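Structure file my_file_7.txt; described as compact mmCIF, C-alpha atoms.
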# COMPACT_ATOMS: atom_id res chain seq x y z
CA MET A 1 20.44 1.94 -4.51
CA SER A 2 21.90 5.14 -5.92
CA ASN A 3 24.79 3.36 -7.61
CA SER A 4 22.59 0.73 -9.24
CA GLN A 5 23.23 0.33 -12.95
CA PHE A 6 19.46 0.43 -13.31
CA ASN A 7 19.06 3.75 -11.56
CA ASP A 8 18.41 6.33 -14.20
CA LEU A 9 16.30 9.17 -12.86
CA ASN A 10 17.87 11.75 -15.15
CA ARG A 11 15.84 10.63 -18.12
CA SER A 12 14.06 13.16 -20.21
CA ALA A 13 10.80 14.47 -18.82
CA SER A 14 9.30 13.97 -22.27
CA SER A 15 10.13 10.25 -22.38
CA THR A 16 7.35 7.75 -21.76
CA SER A 17 8.73 6.86 -18.33
CA GLY A 18 9.18 10.56 -17.52
CA ARG A 19 5.55 11.18 -18.48
CA ILE A 20 4.30 8.37 -16.24
CA GLN A 21 6.30 9.84 -13.34
CA GLN A 22 4.80 13.23 -14.00
CA ALA A 23 1.30 11.72 -13.84
CA LEU A 24 2.07 9.97 -10.53
CA VAL A 25 3.33 13.28 -9.09
CA GLU A 26 0.22 15.12 -10.28
CA ALA A 27 -1.99 12.38 -8.80
CA GLU A 28 -0.18 13.01 -5.48
CA ILE A 29 0.82 9.38 -5.02
CA ASN A 30 2.56 9.08 -1.65
CA PHE A 31 2.69 5.32 -1.01
CA ALA A 32 3.76 2.43 -3.23
CA THR A 33 4.15 -1.31 -2.80
CA GLY A 34 4.55 -4.26 -5.11
CA VAL A 35 6.73 -7.02 -6.46
CA PRO A 36 9.27 -6.02 -9.11
CA CYS A 37 9.13 -6.92 -12.78
CA GLY A 38 12.08 -6.03 -15.01
CA VAL A 39 9.68 -4.41 -17.47
CA LEU A 40 8.80 -1.87 -14.75
CA ARG A 41 12.27 -0.90 -13.63
CA ARG A 42 11.97 2.76 -14.58
CA VAL A 43 8.73 3.13 -12.65
CA ILE A 44 10.13 1.33 -9.62
CA ASP A 45 13.29 3.49 -9.73
CA TYR A 46 11.09 6.52 -9.39
CA LEU A 47 8.95 5.07 -6.58
CA VAL A 48 12.04 4.06 -4.60
CA CYS A 49 13.89 7.34 -5.08
CA ASP A 50 11.19 10.01 -4.75
CA GLU A 51 11.05 11.06 -1.12
CA ARG A 52 7.39 12.03 -1.46
CA VAL A 53 6.61 8.32 -1.85
CA GLN A 54 6.84 5.80 0.99
CA HIS A 55 7.89 2.59 -0.71
CA VAL A 56 7.24 -0.78 1.01
CA ILE A 57 8.97 -3.89 -0.29
CA VAL A 58 6.89 -7.10 -0.04
CA ASN A 59 7.43 -10.76 -0.87
CA ARG A 60 4.23 -11.57 -2.74
CA GLU A 61 1.64 -9.56 -4.62
CA SER A 62 -1.08 -10.48 -2.13
CA GLU A 63 0.84 -8.68 0.59
CA ALA A 64 1.00 -5.60 -1.62
CA ILE A 65 -2.81 -5.60 -1.96
CA GLY A 66 -3.13 -5.77 1.85
CA VAL A 67 -0.49 -3.14 2.63
CA ALA A 68 -1.89 -0.73 0.02
CA THR A 69 -5.41 -1.23 1.37
CA GLY A 70 -4.20 -0.36 4.88
CA ALA A 71 -2.47 2.77 3.60
CA TYR A 72 -5.63 3.80 1.73
CA LEU A 73 -7.81 3.26 4.82
CA ALA A 74 -5.48 5.59 6.72
CA GLY A 75 -5.83 8.33 4.12
CA ARG A 76 -2.77 7.75 1.94
CA ARG A 77 -2.75 7.66 -1.88
CA PRO A 78 -1.16 4.32 -2.75
CA ILE A 79 -0.34 2.50 -5.96
CA VAL A 80 0.52 -1.16 -6.45
CA TYR A 81 2.83 -2.64 -9.09
CA MET A 82 3.38 -6.22 -10.23
CA GLN A 83 3.69 -8.54 -13.23
CA ASN A 84 0.48 -10.10 -14.56
CA SER A 85 1.61 -13.42 -13.04
CA GLY A 86 1.17 -11.65 -9.68
CA LEU A 87 -2.22 -10.34 -10.70
CA PHE A 88 -3.37 -13.94 -10.91
CA ALA A 89 -1.61 -14.83 -7.65
CA ALA A 90 -3.41 -11.94 -5.91
CA SER A 91 -6.73 -12.37 -7.69
CA ASN A 92 -8.65 -13.47 -4.57
CA ASP A 93 -7.34 -10.45 -2.71
CA ILE A 94 -8.49 -8.13 -5.46
CA SER A 95 -11.92 -9.78 -5.67
CA SER A 96 -12.54 -10.21 -1.94
CA LEU A 97 -10.83 -7.15 -0.44
CA LEU A 98 -10.38 -4.34 -2.98
CA ILE A 99 -13.66 -4.75 -4.83
CA PRO A 100 -16.18 -5.45 -2.01
CA TYR A 101 -14.60 -2.73 0.16
CA ARG A 102 -14.46 -0.38 -2.83
CA VAL A 103 -10.78 0.47 -2.63
CA PRO A 104 -9.90 2.82 -5.51
CA LEU A 105 -6.24 2.47 -6.38
CA LEU A 106 -4.13 2.12 -9.50
CA MET A 107 -2.39 -1.18 -10.19
CA ILE A 108 0.47 -0.90 -12.69
CA VAL A 109 0.78 -4.39 -14.16
CA THR A 110 3.15 -5.68 -16.82
CA LEU A 111 1.56 -7.77 -19.55
CA ARG A 112 3.87 -10.68 -20.21
CA GLY A 113 2.75 -13.43 -22.55
CA ASP A 114 1.74 -11.05 -25.30
CA GLU A 115 2.77 -11.22 -28.98
CA GLY A 116 6.47 -12.02 -29.37
CA GLU A 117 6.76 -13.58 -25.92
CA ASP A 118 9.71 -15.98 -25.72
CA ALA A 119 8.94 -17.46 -22.30
CA PRO A 120 6.30 -20.23 -22.50
CA GLN A 121 5.27 -19.96 -18.83
CA HIS A 122 3.75 -16.53 -19.53
CA LEU A 123 1.53 -17.50 -22.46
CA VAL A 124 -1.59 -18.71 -20.61
CA ASN A 125 -1.60 -15.69 -18.29
CA GLY A 126 -0.92 -13.35 -21.19
CA ALA A 127 -3.97 -14.58 -23.07
CA ALA A 128 -6.20 -14.43 -19.96
CA THR A 129 -5.14 -11.16 -18.29
CA THR A 130 -7.69 -8.79 -19.81
CA GLN A 131 -10.38 -11.47 -19.40
CA LEU A 132 -9.60 -11.66 -15.68
CA LEU A 133 -9.99 -7.89 -15.31
CA GLU A 134 -13.18 -7.92 -17.40
CA SER A 135 -14.66 -10.76 -15.34
CA PHE A 136 -13.92 -8.69 -12.20
CA ARG A 137 -15.49 -5.68 -13.96
CA ILE A 138 -12.60 -3.40 -13.08
CA PRO A 139 -11.45 -0.69 -15.49
CA TYR A 140 -8.15 -1.14 -17.33
CA THR A 141 -6.15 0.25 -20.23
CA VAL A 142 -3.57 -1.59 -22.31
CA TYR A 143 -0.98 1.06 -23.13
CA ASN A 144 0.17 1.47 -26.72
CA ALA A 145 2.32 4.09 -28.44
CA ASN A 146 -0.74 5.87 -29.83
CA LEU A 147 -1.78 6.84 -26.30
CA ASP A 148 -0.32 9.58 -24.13
CA ILE A 149 0.72 7.66 -21.03
CA HIS A 150 0.44 10.71 -18.77
CA ASP A 151 -3.17 11.28 -19.75
CA THR A 152 -3.89 7.53 -19.63
CA VAL A 153 -2.65 7.28 -16.04
CA LEU A 154 -4.57 10.36 -14.89
CA ASP A 155 -7.69 9.01 -16.60
CA LEU A 156 -7.31 5.70 -14.72
CA PHE A 157 -7.09 7.64 -11.44
CA LYS A 158 -10.26 9.50 -12.40
CA GLN A 159 -12.01 6.21 -13.19
CA ALA A 160 -10.89 4.77 -9.86
CA ALA A 161 -12.31 7.77 -8.02
CA ALA A 162 -15.56 7.70 -9.99
CA THR A 163 -16.18 3.95 -9.66
CA GLN A 164 -14.48 3.43 -6.26
CA LEU A 165 -12.78 0.42 -7.83
CA PRO A 166 -9.18 -0.54 -8.47
CA THR A 167 -8.05 0.28 -12.01
CA THR A 168 -5.22 -1.29 -13.97
CA LEU A 169 -2.62 0.04 -16.38
CA LEU A 170 -1.24 -2.85 -18.46
CA LEU A 171 2.25 -2.27 -19.84
CA LYS A 172 3.81 -4.53 -22.49
CA ARG A 173 7.51 -5.16 -22.86
CA GLY A 174 9.10 -2.21 -24.63
CA TRP A 175 6.47 0.26 -23.37
CA ASP A 176 9.20 2.67 -22.28
CA LYS A 177 11.13 2.58 -25.57
CA THR A 178 8.78 5.06 -27.23
CA MET B 179 -11.01 -6.21 24.75
CA ASP B 180 -11.28 -4.38 28.08
CA THR B 181 -7.49 -3.96 28.07
CA VAL B 182 -7.51 -2.21 24.70
CA SER B 183 -7.54 1.59 24.68
CA ASP B 184 -10.34 3.39 22.84
CA ASP B 185 -7.61 4.95 20.74
CA ASP B 186 -6.27 1.60 19.51
CA ILE B 187 -7.19 0.32 16.05
CA ILE B 188 -8.31 -3.31 15.76
CA ILE B 189 -7.90 -5.31 12.52
CA ALA B 190 -9.44 -8.80 12.63
CA THR B 191 -8.67 -11.76 10.40
CA THR B 192 -10.88 -13.86 8.14
CA GLY B 193 -13.53 -16.22 9.46
CA LEU B 194 -14.84 -16.68 12.98
CA ILE B 195 -12.35 -14.20 14.49
CA SER B 196 -13.77 -11.31 12.45
CA ARG B 197 -17.30 -12.51 13.11
CA GLU B 198 -16.81 -12.76 16.87
CA VAL B 199 -15.11 -9.37 17.13
CA PHE B 200 -17.88 -7.88 14.97
CA GLU B 201 -20.74 -9.35 17.02
CA ARG B 202 -19.29 -8.83 20.49
CA PHE B 203 -16.99 -5.82 20.21
CA ASP B 204 -17.96 -3.86 17.11
CA SER B 205 -16.60 -0.31 17.05
CA VAL B 206 -15.75 2.39 14.53
CA ARG B 207 -12.06 1.73 15.23
CA ASN B 208 -12.40 -1.89 14.00
CA PHE B 209 -11.73 -3.16 10.50
CA TYR B 210 -12.61 -6.68 9.38
CA ASN B 211 -10.92 -8.74 6.66
CA PRO B 212 -13.53 -11.35 5.79
CA GLY B 213 -12.17 -12.45 2.43
CA ALA B 214 -8.50 -11.91 1.68
CA MET B 215 -7.16 -14.86 3.64
CA GLY B 216 -3.90 -14.19 5.44
CA LEU B 217 -3.70 -10.48 4.72
CA VAL B 218 -4.85 -9.05 8.06
CA SER B 219 -1.29 -8.28 9.16
CA SER B 220 -0.50 -6.72 5.77
CA ILE B 221 -3.51 -4.41 6.12
CA GLY B 222 -2.40 -3.63 9.68
CA LEU B 223 1.09 -2.80 8.44
CA GLY B 224 -0.24 -0.35 5.84
CA ILE B 225 -2.27 1.40 8.54
CA ALA B 226 0.53 1.37 11.13
CA LEU B 227 2.89 3.05 8.65
CA SER B 228 0.31 5.79 8.11
CA THR B 229 -0.87 6.71 11.62
CA ASN B 230 0.61 7.31 15.06
CA ARG B 231 -2.13 5.32 16.77
CA ARG B 232 -1.49 1.77 17.95
CA VAL B 233 -2.68 -0.92 15.53
CA ILE B 234 -3.61 -4.29 17.03
CA VAL B 235 -3.80 -7.09 14.47
CA ILE B 236 -5.87 -10.10 15.55
CA ASP B 237 -4.56 -12.91 13.34
CA GLY B 238 -5.12 -16.66 13.40
CA ASP B 239 -2.45 -19.34 13.29
CA SER B 240 -3.55 -20.77 9.93
CA SER B 241 -4.06 -17.25 8.57
CA LEU B 242 -0.48 -16.35 9.51
CA LEU B 243 0.85 -19.56 7.93
CA MET B 244 -0.90 -18.58 4.67
CA ASN B 245 1.14 -15.36 4.55
CA LEU B 246 4.27 -16.18 6.53
CA GLY B 247 6.39 -13.74 4.52
CA THR B 248 4.47 -10.98 6.31
CA LEU B 249 6.66 -11.50 9.37
CA VAL B 250 9.74 -10.56 7.33
CA THR B 251 8.00 -7.56 5.76
CA ILE B 252 6.75 -6.25 9.12
CA GLY B 253 10.06 -6.95 10.88
CA TYR B 254 11.88 -5.08 8.11
CA GLN B 255 9.59 -2.04 8.41
CA GLN B 256 9.68 -2.19 12.23
CA PRO B 257 6.54 -0.13 12.98
CA GLY B 258 6.66 0.59 16.72
CA ASN B 259 2.89 1.03 16.86
CA LEU B 260 1.97 -2.48 15.67
CA LEU B 261 0.98 -5.33 17.98
CA HIS B 262 0.47 -8.61 16.11
CA ILE B 263 -1.61 -11.10 18.12
CA VAL B 264 -2.16 -14.63 16.82
CA ILE B 265 -5.13 -16.54 18.24
CA ASN B 266 -3.62 -20.00 18.00
CA ASN B 267 -5.83 -23.09 18.22
CA GLU B 268 -3.47 -25.04 15.95
CA SER B 269 -6.37 -25.53 13.53
CA PHE B 270 -8.29 -24.26 10.57
CA GLY B 271 -10.93 -23.36 13.15
CA SER B 272 -13.25 -21.48 10.80
CA CYS B 273 -13.33 -24.40 8.37
CA SER B 274 -14.14 -27.74 10.00
CA GLU B 275 -11.52 -27.50 12.72
CA GLU B 276 -8.93 -29.44 10.72
CA ARG B 277 -5.53 -29.50 12.39
CA SER B 278 -2.96 -27.06 11.05
CA MET B 279 0.82 -27.30 11.31
CA SER B 280 1.24 -24.47 13.82
CA GLY B 281 1.71 -26.94 16.68
CA SER B 282 4.95 -28.04 15.09
CA VAL B 283 6.64 -24.65 15.13
CA SER B 284 7.13 -21.73 17.52
CA LEU B 285 5.30 -18.79 15.92
CA SER B 286 6.80 -16.37 18.45
CA GLY B 287 10.21 -17.83 17.62
CA LEU B 288 9.61 -17.09 13.93
CA ALA B 289 8.55 -13.53 14.79
CA ALA B 290 11.67 -13.05 16.92
CA GLN B 291 13.83 -14.29 14.04
CA ALA B 292 12.04 -11.79 11.79
CA ASN B 293 13.15 -8.95 14.12
CA TYR B 294 9.96 -8.23 16.05
CA ALA B 295 11.19 -6.23 19.07
CA SER B 296 9.03 -8.19 21.49
CA SER B 297 7.77 -11.73 21.00
CA LEU B 298 5.81 -13.79 23.51
CA THR B 299 3.82 -16.98 23.81
CA VAL B 300 0.95 -16.88 26.31
CA PHE B 301 -1.34 -19.64 27.57
CA ASP B 302 -3.98 -17.79 29.59
CA GLU B 303 -6.10 -14.66 29.51
CA ILE B 304 -4.21 -12.78 32.21
CA SER B 305 -0.90 -13.22 30.39
CA LEU B 306 -2.52 -12.03 27.16
CA LYS B 307 -3.93 -8.95 28.89
CA ASN B 308 -0.53 -8.18 30.40
CA ALA B 309 1.11 -8.56 27.00
CA ILE B 310 -1.39 -6.11 25.44
CA LEU B 311 -0.82 -3.61 28.26
CA GLU B 312 2.96 -3.92 28.27
CA THR B 313 3.77 -4.09 24.56
CA VAL B 314 3.69 -0.37 23.81
CA GLY B 315 6.04 1.69 21.67
CA LYS B 316 7.70 -1.29 20.03
CA LEU B 317 6.84 -3.86 17.39
CA GLY B 318 5.21 -6.72 19.28
CA PHE B 319 4.07 -10.28 18.63
CA VAL B 320 1.95 -12.46 20.91
CA ASP B 321 1.20 -16.12 20.19
CA ALA B 322 -1.97 -16.68 22.26
CA LYS B 323 -2.53 -20.43 22.62
CA ILE B 324 -6.20 -21.31 23.07
CA GLU B 325 -8.37 -24.41 23.09
CA LEU B 326 -10.15 -25.36 19.89
CA GLY B 327 -13.91 -24.88 19.93
CA GLY B 328 -16.53 -22.33 20.91
CA ARG B 329 -19.48 -20.73 19.20
CA ARG B 330 -19.69 -20.89 15.43
CA ASP B 331 -22.85 -18.85 14.86
CA PHE B 332 -21.49 -15.31 15.09
CA LYS B 333 -23.09 -12.94 12.61
CA ARG B 334 -21.13 -11.82 9.58
CA PRO B 335 -20.06 -8.25 8.82
CA LEU B 336 -22.20 -7.52 5.75
CA ASP B 337 -22.23 -3.83 4.87
CA LEU B 338 -18.54 -3.63 4.08
CA VAL B 339 -18.62 -0.25 2.36
CA GLU B 340 -20.33 1.36 5.36
CA LEU B 341 -17.81 -0.33 7.71
CA LYS B 342 -15.00 1.11 5.60
CA HIS B 343 -16.44 4.63 5.56
CA ARG B 344 -16.89 4.83 9.32
CA PHE B 345 -13.40 3.39 9.91
CA MET B 346 -11.80 5.89 7.54
CA HIS B 347 -13.81 8.74 9.04
CA GLN B 348 -12.54 8.06 12.57
CA LEU B 349 -8.94 7.85 11.27
CA LYS B 350 -9.20 10.92 9.08
CA GLY B 351 -6.76 13.73 9.64
CA GLU B 352 -4.29 11.57 11.50
CA VAL B 353 -1.93 10.64 8.68
CA SER B 354 1.58 10.81 10.10
CA SER B 355 3.63 11.51 7.00

The structure in this file should be written as C-alpha cells.
Amino acid sequence: MSNSQFNDLNRSASSTSGRIQQALVEAEINFATGVPCGVLRRVIDYLVCDERVQHVIVNRESEAIGVATGAYLAGRRPIVYMQNSGLFAASNDISSLLIPYRVPLLMIVTLRGDEGEDAPQHLVNGAATTQLLESFRIPYTVYNANLDIHDTVLDLFKQAAATQLPTTLLLKRGWDKT
Amino acid sequence: MDTVSDDDIIIATTGLISREVFERFDSVRNFYNPGAMGLVSSIGLGIALSTNRRVIVIDGDSSLLMNLGTLVTIGYQQPGNLLHIVINNESFGSCSEERSMSGSVSLSGLAAQANYASSLTVFDEISLKNAILETVGKLGFVDAKIELGGRRDFKRPLDLVELKHRFMHQLKGEVSS
C-alpha cells in the first residue's frame, strides 16, 4: 500500500483533502468501511493509512452498511464511503436498517452523473441521487468550492448526532482540485 | 439457546428467525435485523471487530446466499470471536417456503474455502449444541440443516430504537480497540 502511486498523504493540510482529513480526525472517526470510487482516492488513502482508523474492505455497499452498523452498536465511530451507484444498491439497507434503528453515521458518497459526465451509465443515478436522499428524509450536503469542507463535514456529524440519522456528503468529480 | 453463555451476543437474521428468537429468547444481548436482508453477518462482523465478547450470528440459508461475499469479508478479517450459524431449510422459509438453491451447494464448504478456521455441517440438535460449545476462540461456521416448517405466527420486534438502546447499553465500555 505504501508504494502505491496513489498514496499521497504528504499533501498540504490546507488542501481540500487535507481539510476533510482534519475534520475526520476532529470527529474522532475510528472505523471506516466502503467500496472504493476513484473520485475518493485521497479520502480512502487517509482511512487506510491512519492507524487510529480500523479500515474494513467489503465487496458491496450493502455489506458496508451492515459492518458500520455493527461497529456503531459496539460503541465505535464509523464512516461509510461509496459511489452514488452504491447508494442505490444499498438503499434498502439504509431505509430498513440505518433509519429505523436511528444509526447516526456519515456516508461520503461521490456524485457521478452530474454536469459534464462522460459515462452514460451514471446519468440516471446522477439526476436521482439528491431525490433519493430527500425521499428518505436524511440530511445531505453537495460540496462546492464556496463551502469550507472541514466545517461542512463537522456540521454533517452534528446533524447526524442531533437527528440520529445517517447524513451524506456528496462529492463531485474534481472536488479535491480546489 | 441453553448452550449459549449469558456473555455471548446474538444477532438474528431477517424474517421468522428474528421473530422466533425475539418471542422465545429475547434478551438485552440480542440484536435483530428485520429489514436489511442478508446483512446479519455483516452486522455481526462489525460488532465482533469491536468487542472481545463472542458474537453468534444466526443466519438463514437464503439470507446468506443474498450476501455471499460476506464469507470472503469475514474470512479475510478472521475475527476469532465470531460464530456464524446458518439455519438451513433450503428454502425462503419466511416467504412462502419456496425452495432456494442452498441444497445444491455445501455452505460449510464455501465457508472453509473462505478461510473460516472451523466449518461444520450438522443434522441434529445435539451436534449443533456441541458445535456451539466447542467453537470458541476461532472463527467458526455451522451449517445447521433443519426440516422446513414450524410456527409462522411469532410476534415481530417493533420498538427498534428501544431494542438498539438496551443492546448498546449492555455492550457499553467494552470496545476493544

Shell of 9 Å around region 151-167 of chain A, only C-alpha atoms, local chain residues under 3 positions omitted, as JSON, numbers by chain: {"A": [19, 20, 23, 24, 26, 27, 94, 98, 99, 100, 101, 102, 103, 104, 105, 106, 107, 108, 138, 139, 140, 141, 143, 147, 148]}

Residue nearest Gln22 (chain A) among A:Ile149, A:Leu87, A:Arg60, A:Arg77 (counting all atoms listed in the file): A:Ile149

Which chain A residues have any atom within 10 Å of an atom of chain B, and for each, what is the nearest pair of atoms with distance in Å to one decimal, counting all atoms listed in the file, rows sorted by chain and number, as a tab-separated table?
residue	atom	partner	partner_atom	distance
A:Asn30	CA	B:Ser355	CA	9.0
A:Phe31	CA	B:Gly224	CA	9.4
A:Thr33	CA	B:Gly224	CA	9.7
A:Arg52	CA	B:Ser355	CA	9.3
A:Val53	CA	B:Ser355	CA	9.9
A:Gln54	CA	B:Ser355	CA	8.9
A:Val56	CA	B:Gln255	CA	7.9
A:Ile57	CA	B:Thr251	CA	7.1
A:Val58	CA	B:Thr251	CA	5.9
A:Asn59	CA	B:Gly247	CA	6.2
A:Arg60	CA	B:Gly247	CA	7.9
A:Ser62	CA	B:Leu217	CA	7.3
A:Glu63	CA	B:Ser220	CA	5.7
A:Ala64	CA	B:Ser220	CA	7.6
A:Ile65	CA	B:Ser220	CA	8.1
A:Gly66	CA	B:Ile221	CA	4.5
A:Val67	CA	B:Gly224	CA	4.3
A:Ala68	CA	B:Gly224	CA	6.1
A:Thr69	CA	B:Ile221	CA	6.0
A:Gly70	CA	B:Gly224	CA	4.1
A:Ala71	CA	B:Gly224	CA	4.4
A:Tyr72	CA	B:Gly224	CA	7.9
A:Leu73	CA	B:Met346	CA	5.5
A:Ala74	CA	B:Ile225	CA	5.6
A:Gly75	CA	B:Val353	CA	6.4
A:Arg76	CA	B:Ser228	CA	7.2
A:Pro78	CA	B:Gly224	CA	9.8
A:Ala90	CA	B:Ala214	CA	9.1
A:Ser91	CA	B:Ala214	CA	9.5
A:Asn92	CA	B:Ala214	CA	6.4
A:Asp93	CA	B:Ala214	CA	4.8
A:Ile94	CA	B:Ala214	CA	8.1
A:Ser95	CA	B:Ala214	CA	8.4
A:Ser96	CA	B:Gly213	CA	4.9
A:Leu97	CA	B:Ala214	CA	5.7
A:Leu98	CA	B:Ala214	CA	9.1
A:Ile99	CA	B:Val339	CA	9.8
A:Pro100	CA	B:Leu338	CA	6.8
A:Tyr101	CA	B:Val339	CA	5.2
A:Arg102	CA	B:Val339	CA	6.7
A:Val103	CA	B:Lys342	CA	9.3

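Residue nearest Gln83 (chain A), chosen from A:Cys37, A:His55, A:Pro120, A:Glu28 and counting all atoms listed in the file: A:Cys37.
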
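Among the candidates A:Ser15, A:Ser85, A:Arg173, A:Thr130, the residue lying nearest to Glu117 (chain A) is A:Arg173 (atoms considered: all atoms listed in the file).
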
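You will find CA of Asn259 (chain B) at 12.4 Å from CA of Glu312 (chain B).
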
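For the choices B:His262, B:Arg330, B:Arg207, B:Arg197, the atom-to-atom distance to Ala289 (chain B) is smallest for B:His262 when using all atoms listed in the file.
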
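Picture a line from CA of Val233 (chain B) to CA of Ile310 (chain B); it runs 11.3 Å.
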
Pairwise distance for CA of Phe200 (chain B) and CA of Lys333 (chain B), rounded to one decimal in Å: 7.6 Å

Closest of A:Ser135, A:Gly86, A:Gln121, A:Ile29 to Glu51 (chain A) - atom-to-atom distances counting all atoms listed in the file: A:Ile29
